[in-house]
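Student: Below are the structure tokens for one structure; questions will follow.
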2 protein chains.
Amino acid sequence: MTSNAAPIVVIDSGLGGLTVVRCLQKQSPAENIVYFGDTARVPYGSKSAPTVAGFVREIITYLQRYRPKHVVIACNTATALALPVIKTEFPHLSISGVIEPGARAAIQAAGNKPAPRIAVIATQATINSQAYEQAICRRRHHAILDARATPLLVPIIEEGRDEKDILVRLALTQYLKPIARLHPDVLLLGCTHYPVYKRLIARMMGQNCQVIDSAQQSAQDVTHRLRVSGGSAPGEGAGYLKCFVTDDAVKFQSLAIRFLGTEIQPPTLVTLEELTEPRILRLAPMRQAS
Amino acid sequence: MTSNAAPIVVIDSGLGGLTVVRCLQKQSPAENIVYFGDTARVPYGSKSAPTVAGFVREIITYLQRYRPKHVVIACNTATALALPVIKTEFPHLSISGVIEPGARAAIQAAGNKPAPRIAVIATQATINSQAYEQAICRRRHHAILDARATPLLVPIIEEGRDEKDILVRLALTQYLKPIARLHPDVLLLGCTHYPVYKRLIARMMGQNCQVIDSAQQSAQDVTHRLRVSGGSAPGEGAGYLKCFVTDDAVKFQSLAIRFLGTEIQPPTLVTLEELTEPRILRLAPMRQAS
């Protein structure tokens, strides 16, 4: 049993998941949040399913010591590649991702159209997984999907370039032009980094296309789950935000404001050796026995 | 003792080190080569020194089973952040990197000028380490250095964009324009990925600037070391190239041709668990004893 004051754990490959934290703090300011950015192994978007699932397994195993009342995998790639297997491996934990809330919101935004045109942009790994296609088409069989990888956006955002940068505009134009030509009703931002450029993307897509943000929807999903289960944080005060990273805590702290909108306390560094320690402890006796 | 037929081990975070292999194969076709691309944890260029040193330590520990006659750390970031400590940790191995050969070549290219202007482009981590500044200024005290991080180039190259792509040209223009304005005598490509765009970079820098490639110089350095020590491979036939990766062997194989110029045999996947296994075996008895 976990208490209502227990933290929500938010996991990401790096900084992107802070956009989910930002929405969570806005919607449910009293919640305590433990954030984990796997900055030693970022990005996940170009890696394989077993590798990414292994990373997420190690992080959740490590964070169980905080007895979280809920775990959000706030990374589209990790949700797409690892959420189903991770849920079966930690059956006692309440775990959610960002794909299902994003897909639900895209369909809501498309309104009553029987065959809405829904475009999705995401990392290569998320697109390859077809997780959004499956989540959307399960709910709206006749939706016309256009899912495209936009692999440069995460590195561009992590370089700290803002919307005025001509290279940002060119990259977005290259990626969005072929999508806009098909006049989608909705464009779903299938990566928690992308909300940083949401206004520019919306302007480029035009008035007839709604731009939906999987970060916002995922935070709403968590708030809703806690409310329904009676697990919301007590009191009115602001909850804490405690950040962990696997590399370069100083850089993480300096870039966090772009994603969170406010400054953070210095993050705690968890080395990859500390992170994988439980596995060593588990393996040691087995090796002894043989 | 290792035999002359023993392989040269070439280590990189991903694909970039294959540009060193390409030069090695051209200069010393009889050499056997074992290549290791740490694709599960690529890129190294945005990570800290202890983290990158830990990755390199694990890889060399793993590859010792091939009894290499020489190890090349064919990644500028890993050389800058880890080579000195790794050399002390493996004193029985012959190990070289890419920074010293690159710096030597840049000075040679600058000719007799007492205060040559030398520009360096590299990843953020390589630039932060000041490894090139130190290596160049140790040899030519009055060299005027201009070292700049160009963090988008690796992701752009890994996306498979060629020199005709307008975004490639814009990114290079943004990065190179402020450098060209200072009229350097030499531009050193301080990342083994960058030779993929060498012709375009040379054209943008103009005739009065020599573009030097750390990959080519590093391969020459290894060939020279082996010749001097009498360790060159015997015979005239072509040596083997055996590749190992930590993630997505299929993707690695399909992209390798861009860096190597020829196709490779399917790489062997080494999972991160296999890679870190020696550490588990070493730690297990210590934990028992306490």
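We name chains A, B, ... following the order of the structure tokens; residues begin at 1 in each chain, and ligands are numbered from 1 as shown.
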Could you write out as a PDB file with N, CA, C and O atoms, in the first residue's frame the residues of chain A within 7 Å of chain B, counting only C-alpha atoms?
Tutor:
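The resulting file, part.pdb, is reproduced below:
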ATOM      1  N   ALA A  40      22.683   9.541 -19.356  1.00  0.00           N
ATOM      2  CA  ALA A  40      23.887   8.816 -19.800  1.00  0.00           C
ATOM      3  C   ALA A  40      23.595   7.983 -21.039  1.00  0.00           C
ATOM      4  O   ALA A  40      24.512   7.590 -21.751  1.00  0.00           O
ATOM      5  N   ARG A  41      22.297   7.681 -21.289  1.00  0.00           N
ATOM      6  CA  ARG A  41      21.982   6.784 -22.399  1.00  0.00           C
ATOM      7  C   ARG A  41      21.004   7.408 -23.388  1.00  0.00           C
ATOM      8  O   ARG A  41      20.504   6.749 -24.285  1.00  0.00           O
ATOM      9  N   LYS A  47      17.024   3.570 -30.698  1.00  0.00           N
ATOM     10  CA  LYS A  47      17.463   2.265 -30.173  1.00  0.00           C
ATOM     11  C   LYS A  47      16.377   1.194 -30.239  1.00  0.00           C
ATOM     12  O   LYS A  47      15.223   1.487 -30.493  1.00  0.00           O
ATOM     13  N   SER A  48      16.785  -0.059 -29.981  1.00  0.00           N
ATOM     14  CA  SER A  48      15.854  -1.179 -30.192  1.00  0.00           C
ATOM     15  C   SER A  48      14.994  -1.441 -28.960  1.00  0.00           C
ATOM     16  O   SER A  48      15.309  -1.001 -27.847  1.00  0.00           O
ATOM     17  N   THR A  51      16.674  -3.189 -25.841  1.00  0.00           N
ATOM     18  CA  THR A  51      17.596  -2.264 -25.173  1.00  0.00           C
ATOM     19  C   THR A  51      16.826  -1.239 -24.342  1.00  0.00           C
ATOM     20  O   THR A  51      17.124  -1.020 -23.162  1.00  0.00           O
ATOM     21  N   LEU A 152      15.610  14.586 -36.304  1.00  0.00           N
ATOM     22  CA  LEU A 152      16.508  15.690 -35.924  1.00  0.00           C
ATOM     23  C   LEU A 152      15.942  16.599 -34.837  1.00  0.00           C
ATOM     24  O   LEU A 152      16.680  17.367 -34.233  1.00  0.00           O
ATOM     25  N   PRO A 155      17.653  16.299 -31.141  1.00  0.00           N
ATOM     26  CA  PRO A 155      18.968  16.956 -31.039  1.00  0.00           C
ATOM     27  C   PRO A 155      18.907  18.469 -31.231  1.00  0.00           C
ATOM     28  O   PRO A 155      19.647  19.208 -30.558  1.00  0.00           O
ATOM     29  N   ILE A 156      18.050  18.950 -32.118  1.00  0.00           N
ATOM     30  CA  ILE A 156      17.936  20.405 -32.323  1.00  0.00           C
ATOM     31  C   ILE A 156      17.440  21.082 -31.048  1.00  0.00           C
ATOM     32  O   ILE A 156      17.972  22.107 -30.617  1.00  0.00           O
ATOM     33  N   LEU A 167      17.442  27.432 -38.818  1.00  0.00           N
ATOM     34  CA  LEU A 167      17.581  25.984 -38.992  1.00  0.00           C
ATOM     35  C   LEU A 167      16.394  25.239 -38.390  1.00  0.00           C
ATOM     36  O   LEU A 167      15.936  24.242 -38.940  1.00  0.00           O
ATOM     37  N   LEU A 170      13.707  25.619 -40.973  1.00  0.00           N
ATOM     38  CA  LEU A 170      13.946  24.780 -42.145  1.00  0.00           C
ATOM     39  C   LEU A 170      13.641  23.308 -41.845  1.00  0.00           C
ATOM     40  O   LEU A 170      12.979  22.620 -42.623  1.00  0.00           O
ATOM     41  N   ALA A 171      14.132  22.830 -40.690  1.00  0.00           N
ATOM     42  CA  ALA A 171      13.894  21.429 -40.335  1.00  0.00           C
ATOM     43  C   ALA A 171      12.394  21.168 -40.218  1.00  0.00           C
ATOM     44  O   ALA A 171      11.871  20.186 -40.770  1.00  0.00           O
ATOM     45  N   ASP A 247      23.729  11.244 -15.821  1.00  0.00           N
ATOM     46  CA  ASP A 247      24.941  11.935 -16.260  1.00  0.00           C
ATOM     47  C   ASP A 247      24.731  13.452 -16.201  1.00  0.00           C
ATOM     48  O   ASP A 247      23.618  13.928 -16.397  1.00  0.00           O
ATOM     49  N   ASP A 248      25.787  14.180 -15.933  1.00  0.00           N
ATOM     50  CA  ASP A 248      25.875  15.628 -16.061  1.00  0.00           C
ATOM     51  C   ASP A 248      24.686  16.395 -15.463  1.00  0.00           C
ATOM     52  O   ASP A 248      23.894  17.026 -16.174  1.00  0.00           O
ATOM     53  N   ILE A 280      23.181  -6.893 -10.035  1.00  0.00           N
ATOM     54  CA  ILE A 280      24.398  -7.564  -9.578  1.00  0.00           C
ATOM     55  C   ILE A 280      24.095  -8.371  -8.318  1.00  0.00           C
ATOM     56  O   ILE A 280      24.456  -9.526  -8.198  1.00  0.00           O
ATOM     57  N   ALA A 284      24.521 -12.420  -8.113  1.00  0.00           N
ATOM     58  CA  ALA A 284      25.645 -12.974  -7.367  1.00  0.00           C
ATOM     59  C   ALA A 284      25.365 -14.343  -6.737  1.00  0.00           C
ATOM     60  O   ALA A 284      26.108 -15.292  -7.000  1.00  0.00           O
TER      61      ALA A 284
END
Student: Near Val270 of chain A, counting only C-alpha atoms, which residues have an atom at most 7 Å away, once you skip same-chain residues fewer than 4 positions from it, shown as a list in words?
Tutor: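 Contacts, in chain order: Phe244, Val245, Thr246, Glu274 and Leu275 of chain A.
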Student: With distances taken over only C-alpha atoms, which of B:Ile157, B:Cys137, B:Ala219, B:Ala233 is nearest to Tyr194 of chain B?
Tutor: B:Ile157
Student: Show which residues sit within 9 Å of Thr79 of chain A, as a PyMOL selection string. Count only C-alpha atoms, and ignore same-chain residues fewer than 2 positions away.
Tutor: chain A and resi 73-77+81-84+96-99+126+131
Student: Identify, on the basis of only C-alpha atoms, every residue whose closest approach to segment 254-256 of chain B does not exceed 10 Å; exclude the query and any residue fewer than 3 positions from it along the same chain; express the result as a PyMOL selection string.
Tutor: chain B and resi 14-16+18-19+158-160+249-251+259-264+266
Student: If I take atom CA of Arg203 of chain A and atom CA of Ile107 of chain A, how far is one from the other in Å, to one decimal?
Tutor: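 These two atoms are separated by 20.8 Å.
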Student: When you look at segment 188-193 of chain A with a cut-off of 6 Å (counting only C-alpha atoms), what residues show up, excluding the ones that are within fewer than 4 positions of it in the same chain? I need them as a list of chain:residue names.
Tutor: A:Gly16, A:Gly17, A:Asn76, A:Val120, A:Ile121, A:Ala122, A:Val211, A:Ile212, A:Asp213, A:Ala215
Student: Return as a ChimeraX atom specification the full set of residues in segment 47-276 of chain A whose backbone-based DSSP assignment is helix (DSSP H, G or I).
Tutor: /A:49-66,76-89,99-110,124-129,131-139,153-158,166-180,194-205,214-228,249-260,272-275
Student: So, with only C-alpha atoms as the atoms that count, which of B:Val10, B:Ala80, B:Ile136, B:Leu24 lies closest to Thr223 of chain B?
Tutor: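 For Thr223 of chain B, the nearest of the candidates is B:Leu24.
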Student: By how many Å are atom CA of Thr268 of chain B and atom CA of Pro195 of chain B apart?
Tutor: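 Distance reported for this atom pair: 25.6 Å.
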